[in-house]
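Source file: structure-v4.txt (compact mmCIF, C-alpha atoms)
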```
# COMPACT_ATOMS: atom_id res chain seq x y z
CA MET A 289 0.31 -15.73 -14.84
CA ALA A 290 -0.57 -12.24 -16.00
CA SER A 291 1.43 -9.29 -14.73
CA LEU A 292 0.07 -6.55 -12.50
CA ARG A 293 -1.54 -3.50 -14.02
CA PRO A 294 0.40 -0.26 -13.46
CA GLY A 295 -0.15 1.53 -10.15
CA ARG A 296 -1.75 4.50 -11.92
CA CYS A 297 -4.79 2.28 -12.61
CA TYR A 298 -5.54 2.11 -8.89
CA SER A 299 -3.96 5.21 -7.33
CA LYS A 300 -7.10 7.40 -7.35
CA PRO A 301 -9.19 6.75 -4.25
CA GLU A 302 -12.59 5.35 -5.05
CA ARG A 303 -15.54 4.68 -2.83
CA PRO A 304 -15.65 0.99 -1.89
CA ASN A 305 -18.83 -0.43 -3.38
CA THR A 306 -20.38 -3.85 -3.24
CA ARG A 307 -23.09 -5.25 -5.43
CA ILE A 308 -26.26 -5.67 -3.35
CA ALA A 309 -28.26 -8.80 -4.11
CA VAL A 310 -31.77 -8.43 -2.69
CA ARG A 311 -33.11 -11.93 -3.39
CA VAL A 312 -29.87 -13.83 -2.71
CA PRO A 313 -27.95 -11.95 0.04
CA LYS A 314 -25.11 -14.50 -0.09
CA LYS A 315 -24.04 -13.04 -3.44
CA SER A 316 -23.52 -9.57 -1.92
CA TYR A 317 -20.06 -10.29 -0.60
CA VAL A 318 -16.70 -10.18 -2.35
CA LYS A 319 -15.41 -13.75 -2.31
CA GLY A 320 -11.84 -14.98 -2.68
CA VAL A 321 -9.95 -11.85 -1.64
CA PRO A 322 -6.20 -12.45 -2.01
CA ALA A 323 -4.03 -11.95 1.07
CA PRO A 324 -2.22 -8.60 1.36
CA ARG A 325 1.41 -8.68 0.21
CA ILE A 326 2.61 -6.90 3.32
CA HIS A 327 2.80 -9.16 6.37
CA GLN A 328 5.16 -7.35 8.72
CA PHE A 329 4.06 -3.91 9.90
CA GLU A 330 6.68 -3.38 12.62
CA VAL A 331 10.42 -3.89 12.08
CA GLY A 332 13.34 -3.39 14.47
CA GLN A 333 13.56 -2.94 18.23
CA LYS A 334 10.86 -1.04 20.10
CA GLY A 335 12.20 1.50 22.52
CA ASP A 336 12.34 5.15 23.55
CA TYR A 337 14.08 6.87 20.62
CA PRO A 338 14.56 10.66 20.51
CA LEU A 339 14.45 10.93 16.70
CA VAL A 340 11.13 10.44 14.85
CA TYR A 341 10.52 10.83 11.10
CA HIS A 342 7.34 10.12 9.11
CA ILE A 343 6.38 9.69 5.47
CA VAL A 344 3.23 11.80 5.11
CA SER A 345 0.84 11.59 2.16
CA GLY A 346 0.65 14.73 0.05
CA SER A 347 -2.73 13.90 -1.52
CA ASP A 348 -5.67 11.53 -1.24
CA VAL A 349 -4.45 8.28 -2.75
CA GLN A 350 -4.82 4.48 -2.75
CA ILE A 351 -1.65 2.53 -1.98
CA ARG A 352 -1.53 -1.10 -3.04
CA SER A 353 -0.22 -3.64 -0.55
CA ASN A 354 2.73 -4.62 -2.76
CA SER A 355 3.76 -0.96 -2.90
CA LEU A 356 3.68 -0.74 0.90
CA GLU A 357 5.79 -3.90 1.12
CA ALA A 358 8.33 -2.54 -1.37
CA ALA A 359 8.64 0.70 0.62
CA ARG A 360 9.05 -1.19 3.89
CA VAL A 361 11.75 -3.47 2.44
CA ALA A 362 13.67 -0.54 0.91
CA ALA A 363 13.70 1.45 4.16
CA THR A 364 14.48 -1.56 6.35
CA LYS A 365 17.39 -2.68 4.17
CA TYR A 366 19.02 0.77 4.22
CA LEU A 367 18.48 1.28 7.96
CA THR A 368 19.80 -2.18 8.85
CA LYS A 369 22.93 -1.66 6.76
CA ASN A 370 23.73 1.82 8.09
CA ILE A 371 22.41 1.88 11.68
CA GLY A 372 22.17 -1.75 12.76
CA GLU A 373 19.48 -4.38 13.05
CA LYS A 374 18.29 -3.50 16.57
CA GLN A 375 19.05 0.24 16.59
CA PHE A 376 15.80 1.56 15.04
CA PHE A 377 12.07 0.93 14.92
CA LEU A 378 10.00 1.20 11.71
CA LYS A 379 6.22 1.08 11.69
CA VAL A 380 3.85 0.94 8.70
CA ARG A 381 0.80 2.90 9.88
CA VAL A 382 -1.78 2.04 7.19
CA TYR A 383 -3.50 -1.29 6.47
CA PRO A 384 -4.76 -2.36 3.03
CA HIS A 385 -8.49 -3.03 3.62
CA HIS A 386 -9.91 -1.96 0.26
CA VAL A 387 -10.41 -4.80 -2.23
CA LEU A 388 -9.26 -4.00 -5.78
CA ARG A 389 -11.25 -5.63 -8.56
CA GLU A 390 -10.61 -6.06 -12.26
CA ASN A 391 -12.98 -6.88 -15.08
CA PRO A 392 -10.65 -8.45 -17.66
CA LEU A 393 -11.98 -8.21 -21.19
CA ALA A 394 -11.19 -11.03 -23.59
CA THR A 395 -9.01 -10.14 -26.56
CA GLY A 396 -7.87 -12.03 -29.61
CA ALA A 397 -9.61 -14.22 -32.16
CA GLY A 398 -13.14 -15.27 -31.23
CA ALA A 399 -13.33 -12.99 -28.19
CA ASP A 400 -16.67 -11.58 -29.30
CA ARG A 401 -18.32 -14.99 -28.92
CA PHE A 402 -17.77 -15.42 -25.17
CA SER A 403 -17.02 -11.92 -23.86
CA THR A 404 -19.90 -10.19 -22.10
CA GLY A 405 -18.28 -6.73 -22.19
CA MET A 406 -19.53 -4.46 -19.43
CA ARG A 407 -22.64 -6.48 -18.66
CA LYS A 408 -22.63 -7.43 -14.94
CA ALA A 409 -19.10 -5.98 -14.66
CA PHE A 410 -18.42 -6.50 -10.97
CA GLY A 411 -14.88 -7.78 -11.46
CA LYS A 412 -12.73 -10.38 -9.75
CA PRO A 413 -10.64 -9.45 -6.69
CA ILE A 414 -6.99 -8.99 -7.67
CA GLY A 415 -5.46 -7.34 -4.60
CA GLN A 416 -5.88 -4.94 -1.71
CA ALA A 417 -5.10 -1.28 -1.16
CA ALA A 418 -4.96 1.18 1.72
CA ILE A 419 -7.03 4.33 1.24
CA VAL A 420 -4.87 7.21 2.51
CA SER A 421 -6.02 10.80 2.94
CA SER A 422 -3.90 13.91 2.54
CA GLY A 423 -1.67 14.57 5.56
CA GLN A 424 -1.94 11.01 6.91
CA LYS A 425 1.21 9.28 8.22
CA ILE A 426 2.13 6.23 6.14
CA ILE A 427 5.45 5.03 7.62
CA SER A 428 7.22 6.13 10.81
CA VAL A 429 10.85 5.56 11.79
CA TYR A 430 12.21 5.93 15.34
CA ALA A 431 16.01 6.15 15.63
CA PRO A 432 18.80 7.21 18.02
CA GLU A 433 20.16 10.76 18.12
CA GLY A 434 22.55 11.85 15.36
CA LYS A 435 21.19 9.54 12.65
CA ASP A 436 19.11 12.18 10.82
CA SER A 437 20.77 11.80 7.43
CA VAL A 438 20.50 8.00 7.46
CA VAL A 439 16.80 8.04 8.39
CA LYS A 440 16.01 10.72 5.80
CA GLU A 441 17.73 8.72 3.05
CA ALA A 442 15.93 5.52 4.07
CA LEU A 443 12.56 7.27 3.98
CA ARG A 444 13.43 8.96 0.66
CA ARG A 445 14.07 5.52 -0.83
CA ALA A 446 10.80 4.22 0.62
CA ALA A 447 8.85 7.24 -0.67
CA MET A 448 10.02 6.43 -4.22
CA LYS A 449 7.93 3.24 -4.05
CA LEU A 450 4.73 5.05 -3.04
CA PRO A 451 2.20 6.80 -5.31
CA GLY A 452 1.24 10.46 -5.08
CA SER A 453 3.62 13.03 -3.65
CA PRO A 454 4.65 11.82 -0.18
CA ARG A 455 6.89 14.05 1.92
CA ILE A 456 9.24 13.37 4.82
CA VAL A 457 8.43 15.16 8.07
CA LYS A 458 10.43 15.31 11.33
CA GLU A 459 8.50 15.18 14.59
CA ASN A 460 9.84 16.76 17.75
CA ASN A 461 9.75 13.95 20.27
```
Now, as a test, write the supplied structure out as structure tokens.
Amino acid sequence: MASLRPGRCYSKPERPNTRIAVRVPKKSYVKGVPAPRIHQFEVGQKGDYPLVYHIVSGSDVQIRSNSLEAARVAATKYLTKNIGEKQFFLKVRVYPHHVLRENPLATGAGADRFSTGMRKAFGKPIGQAAIVSSGQKIISVYAPEGKDSVVKEALRRAAMKLPGSPRIVKENN
């Protein structure tokens, strides 16, 4: 199986477009969209926590679902180890709706015989991404009082997995 393309290939937000087939409307839809890599959007114990921190997007960006999952796992692992399994609540606030497509070009010997180049280059679905605007909350963590440094470190580790320039913001709850 081929490896994933780097995140920089998909980090710029693009307008979702779909080929419109006038005579055969059935061909207008993107078929065979792979499932998003992130399955769990809420982790921990819901409750009334006084401390609230968010990862906020610094620019308009697309975030792939595997990047969201990596950020969630990194933050959850650190919070579970340092606070406890049921002592916090983490919520991923964006959902990857946008379908990413790739038009792989054939390379190697004899590629010119069966490659069509950019003719009818709609591309095959390879994944999903969340389109995030500047200032939008990506991940939120609710924690008990006095755990500021632990929550900040967990969100710093999660922000390393995200594209763009996300920042950590404290909310007065």
One number please: CA of Ile326 (chain A) to CA of Ala358 (chain A), in Å, one decimal. 8.6 Å
Selection: 9 Å around Pro451 (chain A), all atoms listed in the file, excl. self and same-chain fewer than 4 positions, as a list in words: Gly295, Arg296, Ser299, Ser345, Val349, Gln350, Ile351, Ser355 and Ala447 of chain A
Compile a residue-level contact table for region 419-444 of chain A against region 367-383 of chain A at a cut-off of 6 Å, reporting for every qualifying residue the shortest atom pair and its distance in Å to one decimal, with all atoms listed in the file counted, rows ordered by chain and ascending number, as a tab-separated table.
```
residue	atom	partner	partner_atom	distance
A:Ile426	CA	A:Arg381	CA	5.2
A:Ile427	CA	A:Val380	CA	4.5
A:Ser428	CA	A:Lys379	CA	5.2
A:Val429	CA	A:Leu378	CA	4.4
A:Tyr430	CA	A:Phe377	CA	5.0
A:Ala431	CA	A:Phe376	CA	4.6
```
With C-alpha atoms retained, write the just-selected residues as a JSON list (two decimals), in the frame of the given file.
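Done, and the output landed in result_34.json:
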```json
[["chain", "number", "residue", "atom", "x", "y", "z"],
["A", 426, "ILE", "CA", 2.13, 6.23, 6.14],
["A", 427, "ILE", "CA", 5.45, 5.03, 7.62],
["A", 428, "SER", "CA", 7.22, 6.13, 10.81],
["A", 429, "VAL", "CA", 10.85, 5.56, 11.79],
["A", 430, "TYR", "CA", 12.21, 5.93, 15.34],
["A", 431, "ALA", "CA", 16.01, 6.15, 15.63]]
```
Proximity to Pro322 (chain A) - best of A:Pro413, A:Pro454, A:Pro392, A:Pro338, all atoms listed in the file: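 For Pro322 (chain A), the nearest of the given residues is A:Pro413.
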Distance criterion (all atoms listed in the file): nearest to Lys425 (chain A) out of A:His342, A:Arg445, A:Arg352, A:Lys365: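 Of A:His342, A:Arg445, A:Arg352, A:Lys365, the one nearest Lys425 (chain A) is A:His342, counting all atoms listed in the file.
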Expected residue set, 9 Å radius at (-0.3, 13.4, 4.5), all atoms listed in the file, as a list in words: Ile343, Val344, Ser345, Gly346, Ser347, Asp348, Val420, Ser421, Ser422, Gly423, Gln424, Lys425, Ile426, Pro454 and Arg455 of chain A
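The spacing separating CA of Glu433 (chain A) from CA of Leu339 (chain A) amounts to 5.9 Å.
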Contacts of Lys440 (chain A) at 8 Å (all atoms listed in the file; same-chain gap of 3+ positions) as a ChimeraX atom specification: /A:341,436-437,443-444,456
Which is closer to His385 (chain A) than all the others in A:Pro304, A:Glu357, A:Met448, A:Arg293, using all atoms listed in the file?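 Of A:Pro304, A:Glu357, A:Met448, A:Arg293, the one nearest His385 (chain A) is A:Pro304, counting all atoms listed in the file.
Take the candidates A:Arg360, A:Ile414, A:Ser453, A:Glu330 and check each one against His386 (chain A) using only C-alpha atoms; the shortest distance goes to A:Ile414.
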Some atoms are missing, so please complete region 435-454 of chain A with N, CA and C atoms and return it as an mmCIF file, keeping the file's coordinate frame.
```
data_model
loop_
_atom_site.group_PDB
_atom_site.id
_atom_site.type_symbol
_atom_site.label_atom_id
_atom_site.label_comp_id
_atom_site.auth_asym_id
_atom_site.auth_seq_id
_atom_site.Cartn_x
_atom_site.Cartn_y
_atom_site.Cartn_z
ATOM 1 N N LYS A 435 21.351 10.364 13.844
ATOM 2 C CA LYS A 435 21.190 9.540 12.650
ATOM 3 C C LYS A 435 20.193 10.153 11.664
ATOM 4 N N ASP A 436 20.084 11.486 11.672
ATOM 5 C CA ASP A 436 19.110 12.180 10.820
ATOM 6 C C ASP A 436 19.299 11.868 9.347
ATOM 7 N N SER A 437 20.527 11.979 8.862
ATOM 8 C CA SER A 437 20.770 11.800 7.430
ATOM 9 C C SER A 437 20.465 10.381 6.971
ATOM 10 N N VAL A 438 20.754 9.403 7.811
ATOM 11 C CA VAL A 438 20.500 8.000 7.460
ATOM 12 C C VAL A 438 18.997 7.742 7.382
ATOM 13 N N VAL A 439 18.251 8.243 8.363
ATOM 14 C CA VAL A 439 16.800 8.040 8.390
ATOM 15 C C VAL A 439 16.138 8.758 7.224
ATOM 16 N N LYS A 440 16.575 9.975 6.927
ATOM 17 C CA LYS A 440 16.010 10.720 5.800
ATOM 18 C C LYS A 440 16.230 9.986 4.481
ATOM 19 N N GLU A 441 17.429 9.453 4.286
ATOM 20 C CA GLU A 441 17.730 8.720 3.050
ATOM 21 C C GLU A 441 16.899 7.446 2.948
ATOM 22 N N ALA A 442 16.733 6.751 4.068
ATOM 23 C CA ALA A 442 15.930 5.520 4.070
ATOM 24 C C ALA A 442 14.474 5.846 3.702
ATOM 25 N N LEU A 443 13.944 6.907 4.277
ATOM 26 C CA LEU A 443 12.560 7.270 3.980
ATOM 27 C C LEU A 443 12.424 7.836 2.560
ATOM 28 N N ARG A 444 13.452 8.491 2.044
ATOM 29 C CA ARG A 444 13.430 8.960 0.660
ATOM 30 C C ARG A 444 13.337 7.775 -0.295
ATOM 31 N N ARG A 445 14.113 6.735 0.001
ATOM 32 C CA ARG A 445 14.070 5.520 -0.830
ATOM 33 C C ARG A 445 12.712 4.833 -0.739
ATOM 34 N N ALA A 446 12.120 4.828 0.446
ATOM 35 C CA ALA A 446 10.800 4.220 0.620
ATOM 36 C C ALA A 446 9.730 5.036 -0.093
ATOM 37 N N ALA A 447 9.847 6.373 -0.051
ATOM 38 C CA ALA A 447 8.850 7.240 -0.670
ATOM 39 C C ALA A 447 8.830 7.085 -2.191
ATOM 40 N N MET A 448 9.963 6.671 -2.770
ATOM 41 C CA MET A 448 10.020 6.430 -4.220
ATOM 42 C C MET A 448 9.081 5.313 -4.641
ATOM 43 N N LYS A 449 8.768 4.399 -3.736
ATOM 44 C CA LYS A 449 7.930 3.240 -4.050
ATOM 45 C C LYS A 449 6.447 3.547 -3.889
ATOM 46 N N LEU A 450 6.113 4.724 -3.352
ATOM 47 C CA LEU A 450 4.730 5.050 -3.040
ATOM 48 C C LEU A 450 4.141 6.006 -4.081
ATOM 49 N N PRO A 451 2.840 5.900 -4.355
ATOM 50 C CA PRO A 451 2.200 6.800 -5.310
ATOM 51 C C PRO A 451 1.935 8.178 -4.710
ATOM 52 N N GLY A 452 1.549 9.109 -5.550
ATOM 53 C CA GLY A 452 1.240 10.460 -5.080
ATOM 54 C C GLY A 452 2.513 11.253 -4.869
ATOM 55 N N SER A 453 2.453 12.198 -3.958
ATOM 56 C CA SER A 453 3.620 13.030 -3.650
ATOM 57 C C SER A 453 3.883 13.008 -2.153
ATOM 58 N N PRO A 454 4.396 11.883 -1.625
ATOM 59 C CA PRO A 454 4.650 11.820 -0.180
ATOM 60 C C PRO A 454 5.831 12.714 0.203
#
```
